[in-house]
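Engineer: File upload.pdb below, PDB, N, CA and C atoms:
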ATOM      1  N   MET J   1      93.317  73.282   3.708
ATOM      2  CA  MET J   1      93.274  74.187   2.601
ATOM      3  C   MET J   1      94.601  74.952   2.505
ATOM      4  N   LYS J   2      95.153  75.324   3.650
ATOM      5  CA  LYS J   2      96.436  76.022   3.622
ATOM      6  C   LYS J   2      97.531  75.117   3.081
ATOM      7  N   LYS J   3      97.483  73.849   3.474
ATOM      8  CA  LYS J   3      98.489  72.898   3.000
ATOM      9  C   LYS J   3      98.367  72.707   1.490
ATOM     10  N   ALA J   4      97.168  72.623   0.982
ATOM     11  CA  ALA J   4      96.968  72.474  -0.463
ATOM     12  C   ALA J   4      97.430  73.714  -1.214
ATOM     13  N   ALA J   5      97.170  74.892  -0.652
ATOM     14  CA  ALA J   5      97.587  76.129  -1.305
ATOM     15  C   ALA J   5      99.103  76.258  -1.349
ATOM     16  N   ALA J   6      99.781  75.697  -0.362
ATOM     17  CA  ALA J   6     101.246  75.807  -0.304
ATOM     18  C   ALA J   6     101.944  74.708  -1.088
ATOM     19  N   THR J   7     101.203  73.715  -1.576
ATOM     20  CA  THR J   7     101.799  72.587  -2.288
ATOM     21  C   THR J   7     102.003  72.952  -3.756
ATOM     22  N   LEU J   8     103.191  72.666  -4.279
ATOM     23  CA  LEU J   8     103.493  72.996  -5.673
ATOM     24  C   LEU J   8     103.066  71.904  -6.647
ATOM     25  N   GLY J   9     103.119  70.656  -6.236
ATOM     26  CA  GLY J   9     102.771  69.556  -7.129
ATOM     27  C   GLY J   9     101.272  69.467  -7.376
ATOM     28  N   HIS J  10     100.907  69.375  -8.648
ATOM     29  CA  HIS J  10      99.484  69.332  -9.011
ATOM     30  C   HIS J  10      98.797  68.086  -8.440
ATOM     31  N   GLN J  11      99.397  66.925  -8.629
ATOM     32  CA  GLN J  11      98.786  65.680  -8.164
ATOM     33  C   GLN J  11      98.689  65.641  -6.638
ATOM     34  N   GLU J  12      99.730  66.100  -5.967
ATOM     35  CA  GLU J  12      99.718  66.113  -4.498
ATOM     36  C   GLU J  12      98.648  67.069  -3.970
ATOM     37  N   ARG J  13      98.479  68.220  -4.647
ATOM     38  CA  ARG J  13      97.450  69.180  -4.256
ATOM     39  C   ARG J  13      96.064  68.565  -4.399
ATOM     40  N   LEU J  14      95.838  67.829  -5.507
ATOM     41  CA  LEU J  14      94.539  67.180  -5.707
ATOM     42  C   LEU J  14      94.256  66.134  -4.642
ATOM     43  N   GLU J  15      95.291  65.400  -4.226
ATOM     44  CA  GLU J  15      95.111  64.400  -3.176
ATOM     45  C   GLU J  15      94.761  65.048  -1.841
ATOM     46  N   ILE J  16      95.407  66.176  -1.530
ATOM     47  CA  ILE J  16      95.120  66.895  -0.283
ATOM     48  C   ILE J  16      93.692  67.433  -0.310
ATOM     49  N   LEU J  17      93.287  67.995  -1.444
ATOM     50  CA  LEU J  17      91.923  68.525  -1.557
ATOM     51  C   LEU J  17      90.885  67.409  -1.513
ATOM     52  N   ALA J  18      91.193  66.253  -2.091
ATOM     53  CA  ALA J  18      90.263  65.115  -2.031
ATOM     54  C   ALA J  18      90.102  64.642  -0.594
ATOM     55  N   ALA J  19      91.190  64.624   0.176
ATOM     56  CA  ALA J  19      91.109  64.224   1.579
ATOM     57  C   ALA J  19      90.275  65.223   2.377
ATOM     58  N   ALA J  20      90.437  66.518   2.078
ATOM     59  CA  ALA J  20      89.646  67.543   2.764
ATOM     60  C   ALA J  20      88.171  67.425   2.408
ATOM     61  N   GLU J  21      87.882  67.128   1.150
ATOM     62  CA  GLU J  21      86.499  66.956   0.727
ATOM     63  C   GLU J  21      85.868  65.745   1.416
ATOM     64  N   TYR J  22      86.602  64.648   1.503
ATOM     65  CA  TYR J  22      86.097  63.461   2.187
ATOM     66  C   TYR J  22      85.803  63.767   3.657
ATOM     67  N   LEU J  23      86.727  64.478   4.310
ATOM     68  CA  LEU J  23      86.550  64.839   5.715
ATOM     69  C   LEU J  23      85.284  65.673   5.897
ATOM     70  N   LEU J  24      85.074  66.626   5.022
ATOM     71  CA  LEU J  24      83.895  67.489   5.128
ATOM     72  C   LEU J  24      82.600  66.705   4.894
ATOM     73  N   MET J  25      82.577  65.892   3.860
ATOM     74  CA  MET J  25      81.331  65.236   3.473
ATOM     75  C   MET J  25      80.990  63.999   4.297
ATOM     76  N   HIS J  26      81.993  63.328   4.881
ATOM     77  CA  HIS J  26      81.720  62.068   5.567
ATOM     78  C   HIS J  26      81.914  62.109   7.086
ATOM     79  N   GLU J  27      82.731  63.015   7.551
ATOM     80  CA  GLU J  27      83.014  63.028   8.982
ATOM     81  C   GLU J  27      82.545  64.296   9.688
ATOM     82  N   GLN J  28      82.327  65.345   8.940
ATOM     83  CA  GLN J  28      81.844  66.595   9.511
ATOM     84  C   GLN J  28      80.384  66.783   9.105
ATOM     85  N   VAL J  29      79.808  67.863   9.490
ATOM     86  CA  VAL J  29      78.421  68.164   9.131
ATOM     87  C   VAL J  29      78.393  68.681   7.692
ATOM     88  N   PRO J  30      77.636  68.024   6.833
ATOM     89  CA  PRO J  30      77.545  68.516   5.448
ATOM     90  C   PRO J  30      76.887  69.892   5.388
ATOM     91  N   ILE J  31      77.289  70.650   4.425
ATOM     92  CA  ILE J  31      76.734  71.983   4.214
ATOM     93  C   ILE J  31      75.626  71.869   3.166
ATOM     94  N   LEU J  32      74.421  72.285   3.537
ATOM     95  CA  LEU J  32      73.287  72.235   2.629
ATOM     96  C   LEU J  32      72.677  73.625   2.510
ATOM     97  N   PRO J  33      72.315  74.037   1.306
ATOM     98  CA  PRO J  33      71.649  75.329   1.182
ATOM     99  C   PRO J  33      70.261  75.276   1.819
ATOM    100  N   ILE J  34      69.948  76.270   2.606
ATOM    101  CA  ILE J  34      68.646  76.337   3.256
ATOM    102  C   ILE J  34      67.687  77.180   2.415
ATOM    103  N   TYR J  35      68.226  78.147   1.714
ATOM    104  CA  TYR J  35      67.400  79.070   0.937
ATOM    105  C   TYR J  35      68.118  79.424  -0.349
ATOM    106  N   TYR J  36      67.379  79.553  -1.430
ATOM    107  CA  TYR J  36      67.953  80.063  -2.668
ATOM    108  C   TYR J  36      66.926  80.982  -3.320
ATOM    109  N   TYR J  37      67.436  81.956  -4.064
ATOM    110  CA  TYR J  37      66.578  82.963  -4.665
ATOM    111  C   TYR J  37      65.806  82.387  -5.847
ATOM    112  N   VAL J  38      64.559  82.785  -5.972
ATOM    113  CA  VAL J  38      63.709  82.389  -7.083
ATOM    114  C   VAL J  38      63.093  83.648  -7.651
ATOM    115  N   ASN J  39      63.144  83.774  -8.952
ATOM    116  CA  ASN J  39      62.524  84.915  -9.624
ATOM    117  C   ASN J  39      61.432  84.411 -10.548
ATOM    118  N   LEU J  40      60.324  85.097 -10.562
ATOM    119  CA  LEU J  40      59.231  84.768 -11.461
ATOM    120  C   LEU J  40      59.002  85.981 -12.348
ATOM    121  N   ASP J  41      59.127  85.789 -13.641
ATOM    122  CA  ASP J  41      58.966  86.886 -14.591
ATOM    123  C   ASP J  41      57.720  86.655 -15.422
ATOM    124  N   ALA J  42      56.954  87.714 -15.620
ATOM    125  CA  ALA J  42      55.795  87.679 -16.495
ATOM    126  C   ALA J  42      55.910  88.867 -17.433
ATOM    127  N   PHE J  43      55.842  88.619 -18.729
ATOM    128  CA  PHE J  43      56.006  89.678 -19.719
ATOM    129  C   PHE J  43      54.742  89.789 -20.561
ATOM    130  N   ARG J  44      54.313  91.010 -20.787
ATOM    131  CA  ARG J  44      53.161  91.257 -21.649
ATOM    132  C   ARG J  44      53.614  91.273 -23.098
ATOM    133  N   ALA J  45      52.728  90.838 -23.983
ATOM    134  CA  ALA J  45      53.069  90.751 -25.404
ATOM    135  C   ALA J  45      53.280  92.128 -26.027
ATOM    136  N   ASP J  46      52.615  93.180 -25.500
ATOM    137  CA  ASP J  46      52.741  94.504 -26.107
ATOM    138  C   ASP J  46      53.905  95.322 -25.542
ATOM    139  N   VAL J  47      54.691  94.757 -24.654
ATOM    140  CA  VAL J  47      55.868  95.437 -24.106
ATOM    141  C   VAL J  47      57.115  94.828 -24.741
ATOM    142  N   LYS J  48      57.916  95.663 -25.368
ATOM    143  CA  LYS J  48      59.124  95.191 -26.051
ATOM    144  C   LYS J  48      60.362  95.741 -25.342
ATOM    145  N   GLY J  49      61.477  95.052 -25.501
ATOM    146  CA  GLY J  49      62.727  95.487 -24.905
ATOM    147  C   GLY J  49      62.940  94.985 -23.485
ATOM    148  N   LEU J  50      62.051  94.158 -22.995
ATOM    149  CA  LEU J  50      62.153  93.602 -21.648
ATOM    150  C   LEU J  50      62.325  92.094 -21.785
ATOM    151  N   TYR J  51      63.505  91.614 -21.432
ATOM    152  CA  TYR J  51      63.825  90.208 -21.613
ATOM    153  C   TYR J  51      64.364  89.624 -20.316
ATOM    154  N   ALA J  52      64.147  88.336 -20.119
ATOM    155  CA  ALA J  52      64.706  87.653 -18.957
ATOM    156  C   ALA J  52      66.223  87.585 -19.123
ATOM    157  N   ASN J  53      66.946  87.817 -18.036
ATOM    158  CA  ASN J  53      68.397  87.702 -18.070
ATOM    159  C   ASN J  53      68.883  87.196 -16.724
ATOM    160  N   PRO J  54      70.083  86.607 -16.675
ATOM    161  CA  PRO J  54      70.552  85.965 -15.442
ATOM    162  C   PRO J  54      70.708  86.908 -14.254
ATOM    163  N   ARG J  55      71.032  88.166 -14.497
ATOM    164  CA  ARG J  55      71.245  89.099 -13.388
ATOM    165  C   ARG J  55      69.967  89.822 -12.978
ATOM    166  N   HIS J  56      68.877  89.567 -13.702
ATOM    167  CA  HIS J  56      67.568  90.163 -13.403
ATOM    168  C   HIS J  56      67.648  91.692 -13.392
ATOM    169  N   MET J  57      68.393  92.244 -14.355
ATOM    170  CA  MET J  57      68.532  93.692 -14.493
ATOM    171  C   MET J  57      67.827  94.123 -15.778
ATOM    172  N   HIS J  58      67.036  95.180 -15.692
ATOM    173  CA  HIS J  58      66.255  95.635 -16.833
ATOM    174  C   HIS J  58      66.443  97.140 -17.008
ATOM    175  N   PRO J  59      67.264  97.568 -17.969
ATOM    176  CA  PRO J  59      67.426  99.006 -18.209
ATOM    177  C   PRO J  59      66.142  99.590 -18.803
ATOM    178  N   PHE J  60      65.600 100.583 -18.142
ATOM    179  CA  PHE J  60      64.314 101.141 -18.550
ATOM    180  C   PHE J  60      64.372 101.860 -19.895
ATOM    181  N   ARG J  61      65.539 102.326 -20.313
ATOM    182  CA  ARG J  61      65.607 103.064 -21.571
ATOM    183  C   ARG J  61      65.339 102.171 -22.784
ATOM    184  N   SER J  62      65.472 100.852 -22.635
ATOM    185  CA  SER J  62      65.240  99.963 -23.774
ATOM    186  C   SER J  62      63.825  99.380 -23.785
ATOM    187  N   ILE J  63      63.019  99.702 -22.786
ATOM    188  CA  ILE J  63      61.667  99.146 -22.688
ATOM    189  C   ILE J  63      60.670 100.123 -23.316
ATOM    190  N   HIS J  64      59.816  99.615 -24.191
ATOM    191  CA  HIS J  64      58.802 100.444 -24.813
ATOM    192  C   HIS J  64      57.565  99.599 -25.106
ATOM    193  N   LYS J  65      56.430 100.289 -25.289
ATOM    194  CA  LYS J  65      55.179  99.598 -25.553
ATOM    195  C   LYS J  65      54.875  99.662 -27.034
ATOM    196  N   CYS J  66      54.499  98.516 -27.593
ATOM    197  CA  CYS J  66      54.099  98.440 -28.997
ATOM    198  C   CYS J  66      52.619  98.766 -29.104
ATOM    199  N   GLU J  67      52.287  99.533 -30.116
ATOM    200  CA  GLU J  67      50.882  99.862 -30.309
ATOM    201  C   GLU J  67      50.110  98.670 -30.858
ATOM    202  N   SER J  68      50.711  97.921 -31.768
ATOM    203  CA  SER J  68      50.046  96.780 -32.373
ATOM    204  C   SER J  68      50.771  95.508 -31.992
ATOM    205  N   VAL J  69      50.047  94.588 -31.367
ATOM    206  CA  VAL J  69      50.636  93.334 -30.931
ATOM    207  C   VAL J  69      50.654  92.342 -32.101
ATOM    208  N   TYR J  70      49.643  92.374 -32.945
ATOM    209  CA  TYR J  70      49.524  91.378 -34.013
ATOM    210  C   TYR J  70      49.822  91.991 -35.351
TER     211      TYR J  70
END
Is it possible to give me this structure as C-alpha coordinates?
Structural biologist:
Amino acid sequence: MKKAAATLGHQERLEILAAAEYLLMHEQVPILPIYYYVNLDAFRADVKGLYANPRHMHPFRSIHKCESVY
(Lines of atoms letter the chains of each structure in order from A and count residues from 1; the text may use other names and numbers.)
(Lines give C-alpha, C1' and ligand atoms only; values in the text may rest on other atoms or scores of the structure.)
Protein backbone atom coordinates (compact mmCIF):
# COMPACT_ATOMS: atom_id res chain seq x y z
CA MET A 1 0.00 0.00 0.00
CA LYS A 2 2.88 2.36 0.75
CA LYS A 3 4.45 1.57 -2.60
CA ALA A 4 1.18 2.27 -4.41
CA ALA A 5 0.71 5.54 -2.53
CA ALA A 6 4.21 6.67 -3.51
CA THR A 7 3.79 5.74 -7.20
CA LEU A 8 2.97 8.62 -9.55
CA GLY A 9 1.91 6.62 -12.60
CA HIS A 10 -1.79 5.75 -12.68
CA GLN A 11 -1.38 2.44 -14.52
CA GLU A 12 1.56 1.34 -12.36
CA ARG A 13 -0.41 2.18 -9.20
CA LEU A 14 -3.34 0.05 -10.42
CA GLU A 15 -1.01 -2.87 -11.10
CA ILE A 16 0.50 -2.62 -7.60
CA LEU A 17 -2.96 -2.48 -6.02
CA ALA A 18 -4.15 -5.44 -8.12
CA ALA A 19 -1.16 -7.47 -6.92
CA ALA A 20 -1.95 -6.53 -3.30
CA GLU A 21 -5.59 -7.50 -3.78
CA TYR A 22 -4.59 -10.87 -5.25
CA LEU A 23 -2.22 -11.49 -2.33
CA LEU A 24 -4.95 -10.71 0.18
CA MET A 25 -7.70 -12.73 -1.47
CA HIS A 26 -5.74 -15.79 -2.62
CA GLU A 27 -2.74 -16.21 -0.37
CA GLN A 28 -3.73 -14.61 2.92
CA VAL A 29 -6.81 -15.08 5.07
CA PRO A 30 -9.81 -13.40 3.44
CA ILE A 31 -11.60 -10.79 5.48
CA LEU A 32 -15.29 -11.56 5.98
CA PRO A 33 -17.82 -9.52 7.93
CA ILE A 34 -18.99 -11.41 10.99
CA TYR A 35 -21.71 -8.97 12.01
CA TYR A 36 -23.62 -6.16 10.36
CA TYR A 37 -26.27 -3.83 11.75
CA VAL A 38 -29.92 -4.46 10.95
CA ASN A 39 -32.71 -2.01 11.67
CA LEU A 40 -36.39 -2.86 11.68
CA ASP A 41 -38.77 0.07 11.42
CA ALA A 42 -42.51 -0.02 12.02
CA PHE A 43 -44.57 3.12 11.44
CA ARG A 44 -48.16 3.74 12.46
CA ALA A 45 -50.49 5.27 9.89
CA ASP A 46 -51.62 8.06 12.27
CA VAL A 47 -48.06 9.27 12.98
CA LYS A 48 -46.70 11.76 10.44
CA GLY A 49 -43.23 13.22 10.01
CA LEU A 50 -41.44 9.95 10.82
CA TYR A 51 -39.72 8.44 7.81
CA ALA A 52 -37.10 5.77 7.25
CA ASN A 53 -33.69 7.23 6.45
CA PRO A 54 -30.19 5.78 5.99
CA ARG A 55 -28.74 7.25 9.20
CA HIS A 56 -31.73 6.12 11.30
CA MET A 57 -32.07 9.61 12.81
CA HIS A 58 -35.51 10.99 13.64
CA PRO A 59 -35.84 14.62 14.79
CA PHE A 60 -38.72 14.68 17.25
CA ARG A 61 -39.81 18.22 16.35
CA SER A 62 -41.09 17.01 12.95
CA ILE A 63 -43.10 14.07 14.34
CA HIS A 64 -46.80 14.59 15.05
CA LYS A 65 -49.97 12.54 15.33
CA CYS A 66 -52.81 12.95 12.85
CA GLU A 67 -56.28 12.96 14.27
CA SER A 68 -57.85 11.46 11.14
CA VAL A 69 -56.10 8.64 9.33
CA TYR A 70 -58.64 8.30 6.51
Engineer: Kindly resolve the PyMOL selection byres ((chain J and resi 50) around 8) on the present coordinates and return the residues as a PDB file with N, CA and C atoms, in the coordinates of the input.
Structural biologist:
ATOM      1  N   PHE J  43      55.842  88.619 -18.729  1.00  0.00           N
ATOM      2  CA  PHE J  43      56.006  89.678 -19.719  1.00  0.00           C
ATOM      3  C   PHE J  43      54.742  89.789 -20.561  1.00  0.00           C
ATOM      4  N   VAL J  47      54.691  94.757 -24.654  1.00  0.00           N
ATOM      5  CA  VAL J  47      55.868  95.437 -24.106  1.00  0.00           C
ATOM      6  C   VAL J  47      57.115  94.828 -24.741  1.00  0.00           C
ATOM      7  N   LYS J  48      57.916  95.663 -25.368  1.00  0.00           N
ATOM      8  CA  LYS J  48      59.124  95.191 -26.051  1.00  0.00           C
ATOM      9  C   LYS J  48      60.362  95.741 -25.342  1.00  0.00           C
ATOM     10  N   GLY J  49      61.477  95.052 -25.501  1.00  0.00           N
ATOM     11  CA  GLY J  49      62.727  95.487 -24.905  1.00  0.00           C
ATOM     12  C   GLY J  49      62.940  94.985 -23.485  1.00  0.00           C
ATOM     13  N   TYR J  51      63.505  91.614 -21.432  1.00  0.00           N
ATOM     14  CA  TYR J  51      63.825  90.208 -21.613  1.00  0.00           C
ATOM     15  C   TYR J  51      64.364  89.624 -20.316  1.00  0.00           C
ATOM     16  N   ALA J  52      64.147  88.336 -20.119  1.00  0.00           N
ATOM     17  CA  ALA J  52      64.706  87.653 -18.957  1.00  0.00           C
ATOM     18  C   ALA J  52      66.223  87.585 -19.123  1.00  0.00           C
ATOM     19  N   ASN J  53      66.946  87.817 -18.036  1.00  0.00           N
ATOM     20  CA  ASN J  53      68.397  87.702 -18.070  1.00  0.00           C
ATOM     21  C   ASN J  53      68.883  87.196 -16.724  1.00  0.00           C
ATOM     22  N   HIS J  58      67.036  95.180 -15.692  1.00  0.00           N
ATOM     23  CA  HIS J  58      66.255  95.635 -16.833  1.00  0.00           C
ATOM     24  C   HIS J  58      66.443  97.140 -17.008  1.00  0.00           C
ATOM     25  N   PRO J  59      67.264  97.568 -17.969  1.00  0.00           N
ATOM     26  CA  PRO J  59      67.426  99.006 -18.209  1.00  0.00           C
ATOM     27  C   PRO J  59      66.142  99.590 -18.803  1.00  0.00           C
ATOM     28  N   SER J  62      65.472 100.852 -22.635  1.00  0.00           N
ATOM     29  CA  SER J  62      65.240  99.963 -23.774  1.00  0.00           C
ATOM     30  C   SER J  62      63.825  99.380 -23.785  1.00  0.00           C
ATOM     31  N   ILE J  63      63.019  99.702 -22.786  1.00  0.00           N
ATOM     32  CA  ILE J  63      61.667  99.146 -22.688  1.00  0.00           C
ATOM     33  C   ILE J  63      60.670 100.123 -23.316  1.00  0.00           C
ATOM     34  N   HIS J  64      59.816  99.615 -24.191  1.00  0.00           N
ATOM     35  CA  HIS J  64      58.802 100.444 -24.813  1.00  0.00           C
ATOM     36  C   HIS J  64      57.565  99.599 -25.106  1.00  0.00           C
TER      37      HIS J  64
END
Engineer: Can you measure atom N of Asp41 of chain J to atom CA of His56 of chain J for me? One decimal in Å is fine.
Structural biologist: 9.5 Å
Engineer: I'd like to know which residues of chain J are alpha helix (DSSP H) (by DSSP, run on the backbone); could you write them as JSON, numbers by chain?
Structural biologist: {"J": [2, 3, 4, 5, 6, 10, 11, 12, 13, 14, 15, 16, 17, 18, 19, 20, 21, 22]}
Engineer: Among chain J, which ones does DSSP assign to strand (DSSP E or B) (computed from the backbone)? Answer as an NGL selection string.
Structural biologist: :J and (47-48 or 64-65)
Engineer: May I ask for the distance between atom C of Lys3 of chain J and atom C of Glu15 of chain J, given in Å to one decimal place?
Structural biologist: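 Taking atom C of Lys3 of chain J and atom C of Glu15 of chain J, their separation equals 9.1 Å.
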Engineer: Which residue is closest to Ile16 of chain J? Choose from J:Arg55, J:Asn39, J:Val29, J:Met1 and count only N, CA and C atoms.
Structural biologist: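 Counting only N, CA and C atoms, the residue closest to Ile16 of chain J is J:Met1.
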Engineer: Kindly give the distance, in Å, that separates atom CA of Ala6 of chain J and atom CA of Ala18 of chain J, rounded to a single decimal.
Structural biologist: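 One can read the atom CA of Ala6 of chain J to atom CA of Ala18 of chain J distance as 15.4 Å.
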